[in-house]
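Undergrad: The following block contains the structure, expressed as structure tokens.
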Amino acid sequence: AGATPKATTNSGTITVTGDDVPNQFGDVQVQVTVSNGTITDVKALQLPFDRRRSAEISQYVEPYLRSEALQAQSAQIDLISGATYTSDSYAHSLQSAIDKAHG
């Protein structure tokens, strides 16, 4: 028998915050909403914004990473050129959230 998510609601929807995954440019943390086993939303709670360039990259790549995660329905997302560290940290935080949601 499969384990049920620890924090369920009546609608079968759960929102889980992934681990904070730091990289050399800053912290990355995502929140995932899962409804009846399907990832319905992914929101970046933290992305590198300390330097102006980091903020520009984060603002540019966040919609792509979100789209990739929703399409893949997993953390198996393509790393985005020019934002490899942020993409990798995003995937790790996403995986930890998915693990918690299915925990």
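To be explicit about the labels: the chains of the structure tokens are called A, B, and onward in the order shown, and within each one the residues are counted from 1, while ligands get numbers from 1 in the order they are shown.
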If we count only C-alpha atoms and set the cut-off at 10 Å, which residues sit around Ser87 of chain A, ignoring sequence neighbours fewer than 5 positions away in its own chain? Please answer as a PyMOL selection string.
TA: chain A and resi 28+47+58+61-62+64-65+77-82+92-93
Undergrad: Mind writing the picked residues with N, CA and C atoms as a PDB file, in the first residue's frame?
TA:
ATOM      1  N   VAL A  28      18.013  28.798  -3.128  1.00  0.00           N
ATOM      2  CA  VAL A  28      16.885  28.469  -3.988  1.00  0.00           C
ATOM      3  C   VAL A  28      15.948  27.573  -3.181  1.00  0.00           C
ATOM      4  N   LEU A  47      15.081  32.712  -4.836  1.00  0.00           N
ATOM      5  CA  LEU A  47      16.025  32.584  -5.944  1.00  0.00           C
ATOM      6  C   LEU A  47      17.132  33.592  -5.692  1.00  0.00           C
ATOM      7  N   SER A  58      17.602  35.130 -12.430  1.00  0.00           N
ATOM      8  CA  SER A  58      16.510  34.482 -11.704  1.00  0.00           C
ATOM      9  C   SER A  58      15.154  34.856 -12.284  1.00  0.00           C
ATOM     10  N   VAL A  61      14.824  33.023 -15.723  1.00  0.00           N
ATOM     11  CA  VAL A  61      14.737  31.564 -15.777  1.00  0.00           C
ATOM     12  C   VAL A  61      13.566  30.970 -14.992  1.00  0.00           C
ATOM     13  N   GLU A  62      13.034  31.698 -14.016  1.00  0.00           N
ATOM     14  CA  GLU A  62      11.990  31.126 -13.168  1.00  0.00           C
ATOM     15  C   GLU A  62      10.786  30.619 -13.961  1.00  0.00           C
ATOM     16  N   TYR A  64      10.670  29.498 -16.980  1.00  0.00           N
ATOM     17  CA  TYR A  64      11.093  28.312 -17.732  1.00  0.00           C
ATOM     18  C   TYR A  64      11.193  27.095 -16.815  1.00  0.00           C
ATOM     19  N   LEU A  65      11.796  27.290 -15.643  1.00  0.00           N
ATOM     20  CA  LEU A  65      11.944  26.179 -14.702  1.00  0.00           C
ATOM     21  C   LEU A  65      10.573  25.701 -14.232  1.00  0.00           C
ATOM     22  N   ILE A  77      14.260  17.992 -14.814  1.00  0.00           N
ATOM     23  CA  ILE A  77      14.108  19.139 -15.704  1.00  0.00           C
ATOM     24  C   ILE A  77      15.441  19.493 -16.338  1.00  0.00           C
ATOM     25  N   ASP A  78      15.370  20.129 -17.499  1.00  0.00           N
ATOM     26  CA  ASP A  78      16.582  20.549 -18.193  1.00  0.00           C
ATOM     27  C   ASP A  78      17.212  21.728 -17.467  1.00  0.00           C
ATOM     28  N   LEU A  79      18.533  21.686 -17.343  1.00  0.00           N
ATOM     29  CA  LEU A  79      19.254  22.831 -16.786  1.00  0.00           C
ATOM     30  C   LEU A  79      19.294  23.919 -17.848  1.00  0.00           C
ATOM     31  N   ILE A  80      19.153  25.152 -17.405  1.00  0.00           N
ATOM     32  CA  ILE A  80      19.123  26.262 -18.340  1.00  0.00           C
ATOM     33  C   ILE A  80      20.513  26.869 -18.450  1.00  0.00           C
ATOM     34  N   SER A  81      21.010  26.944 -19.677  1.00  0.00           N
ATOM     35  CA  SER A  81      22.332  27.482 -19.942  1.00  0.00           C
ATOM     36  C   SER A  81      22.428  28.901 -19.406  1.00  0.00           C
ATOM     37  N   GLY A  82      23.508  29.193 -18.700  1.00  0.00           N
ATOM     38  CA  GLY A  82      23.692  30.511 -18.119  1.00  0.00           C
ATOM     39  C   GLY A  82      23.110  30.612 -16.723  1.00  0.00           C
ATOM     40  N   HIS A  92      16.813  20.324  -7.170  1.00  0.00           N
ATOM     41  CA  HIS A  92      17.000  19.643  -5.889  1.00  0.00           C
ATOM     42  C   HIS A  92      15.906  20.027  -4.886  1.00  0.00           C
ATOM     43  N   SER A  93      15.567  21.311  -4.826  1.00  0.00           N
ATOM     44  CA  SER A  93      14.505  21.754  -3.922  1.00  0.00           C
ATOM     45  C   SER A  93      13.167  21.163  -4.354  1.00  0.00           C
TER      46      SER A  93
END
Undergrad: Taking the DSSP secondary structure from the backbone, can you list the residues of segment 7-100 of chain A that are strand (DSSP E or B), as a ChimeraX atom specification?
TA: /A:13-17,21-23,26-35,38-46
Undergrad: Nearest to Gln71 of chain A among A:Lys43, A:Ser96, A:Phe49, A:Thr38, with distances taken over only C-alpha atoms: which residue is it?
TA: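 That would be A:Thr38, the residue with the smallest distance to Gln71 of chain A.
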Undergrad: Name the closest residue to Ser89 of chain A among the candidates A:Leu70, A:Val30, A:Ala55, A:Val21; distances are taken between atoms, counting only C-alpha atoms.
TA: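 Between A:Leu70, A:Val30, A:Ala55, A:Val21, the residue approaching Ser89 of chain A most closely is A:Val21.
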Undergrad: Env of Arg66 of chain A: 10 Å cut, atoms = only C-alpha atoms, seq-sep filter 6 positions within chain, self excluded. Answer as a ChimeraX atom specification.
TA: /A:30,32,41-44,72,77,90,94
Undergrad: Write a file of the just-selected residues containing N, CA and C atoms, as a short mmCIF file (atom, residue, chain, number, x, y, z; two decimals), in the first residue's frame.
TA:
data_model
loop_
_atom_site.label_atom_id
_atom_site.label_comp_id
_atom_site.auth_asym_id
_atom_site.auth_seq_id
_atom_site.Cartn_x
_atom_site.Cartn_y
_atom_site.Cartn_z
N VAL A 30 11.73 26.08 -3.47
CA VAL A 30 10.46 26.06 -4.20
C VAL A 30 9.35 25.45 -3.36
N VAL A 32 5.65 23.37 -3.92
CA VAL A 32 4.93 22.57 -4.90
C VAL A 32 3.51 22.32 -4.42
N ASP A 41 1.12 23.20 -9.45
CA ASP A 41 1.78 24.50 -9.38
C ASP A 41 3.14 24.35 -8.74
N VAL A 42 4.08 25.17 -9.20
CA VAL A 42 5.40 25.24 -8.62
C VAL A 42 5.71 26.73 -8.47
N LYS A 43 6.10 27.12 -7.28
CA LYS A 43 6.39 28.53 -7.02
C LYS A 43 7.76 28.65 -6.39
N ALA A 44 8.57 29.53 -6.92
CA ALA A 44 9.89 29.78 -6.33
C ALA A 44 9.73 30.72 -5.14
N ALA A 72 7.16 18.13 -16.95
CA ALA A 72 7.82 16.87 -16.62
C ALA A 72 7.09 16.11 -15.51
N ILE A 77 14.26 17.99 -14.81
CA ILE A 77 14.11 19.14 -15.70
C ILE A 77 15.44 19.49 -16.34
N TYR A 90 17.24 24.49 -8.04
CA TYR A 90 15.78 24.46 -8.22
C TYR A 90 15.30 23.01 -8.30
N LEU A 94 12.94 21.14 -5.66
CA LEU A 94 11.72 20.56 -6.22
C LEU A 94 11.61 19.08 -5.85
#
Undergrad: Neighbouring residues of Tyr85 of chain A were defined as those with any atom within 8 Å, considering only C-alpha atoms; residues of the same chain fewer than 5 positions away were excluded. Please report them as a ChimeraX atom specification.
TA: /A:23-25
Undergrad: Take the residues from that selection and put them in a file with N, CA, C and O atoms, as a PDB file, in the first residue's frame.
TA:
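Listed below is the output, part_28.pdb:
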ATOM      1  N   ASN A  23      23.483  27.735  -3.344  1.00  0.00           N
ATOM      2  CA  ASN A  23      24.579  27.578  -4.302  1.00  0.00           C
ATOM      3  C   ASN A  23      25.440  28.834  -4.196  1.00  0.00           C
ATOM      4  O   ASN A  23      25.171  29.700  -3.369  1.00  0.00           O
ATOM      5  N   GLN A  24      26.447  28.939  -5.021  1.00  0.00           N
ATOM      6  CA  GLN A  24      27.387  30.052  -4.864  1.00  0.00           C
ATOM      7  C   GLN A  24      26.765  31.425  -5.137  1.00  0.00           C
ATOM      8  O   GLN A  24      27.341  32.439  -4.778  1.00  0.00           O
ATOM      9  N   PHE A  25      25.581  31.465  -5.731  1.00  0.00           N
ATOM     10  CA  PHE A  25      24.933  32.732  -6.040  1.00  0.00           C
ATOM     11  C   PHE A  25      23.812  33.090  -5.072  1.00  0.00           C
ATOM     12  O   PHE A  25      23.325  34.210  -5.069  1.00  0.00           O
TER      13      PHE A  25
END
Undergrad: Which value, in Å to one decimal, gives the distance between atom CA of Gln31 of chain A and atom CA of Arg51 of chain A?
TA: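 Atom CA of Arg51 of chain A lies 23.1 Å from atom CA of Gln31 of chain A.
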Undergrad: So what do you get for atom CA of Gly18 of chain A versus atom CA of Gln95 of chain A, distance-wise?
TA: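 Result for atom CA of Gly18 of chain A versus atom CA of Gln95 of chain A: 7.4 Å, one decimal.
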Undergrad: Taking only C-alpha atoms into account, name the residue in A:Ile39, A:Ile14, A:Ala91, A:Ala83 that is nearest to Gly103 of chain A.
TA: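 Of all the options, A:Ile14 lies closest to Gly103 of chain A.
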Undergrad: Between atom CA of Ser74 of chain A and atom CA of Asp19 of chain A, what is the distance, to one decimal in Å?
TA: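 Interatomic distance here is 15.4 Å.
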Undergrad: Counting only C-alpha atoms, which residue out of A:Glu68, A:Thr13, A:Gly37, A:Asp27 sits closest to Asp50 of chain A?
TA: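 Looking only at the distances to Asp50 of chain A, the closest residue turns out to be A:Asp27.
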Undergrad: Just list as JSON, numbers by chain whatever in chain A DSSP marks as helix (DSSP H, G or I).
TA: {"A": [52, 53, 54, 55, 56, 57, 58, 59, 60, 61, 62, 63, 64, 65, 66, 67, 68, 69, 70, 71, 72, 84, 85, 86, 87, 88, 89, 90, 91, 92, 93, 94, 95, 96, 97, 98, 99, 100, 101, 102]}
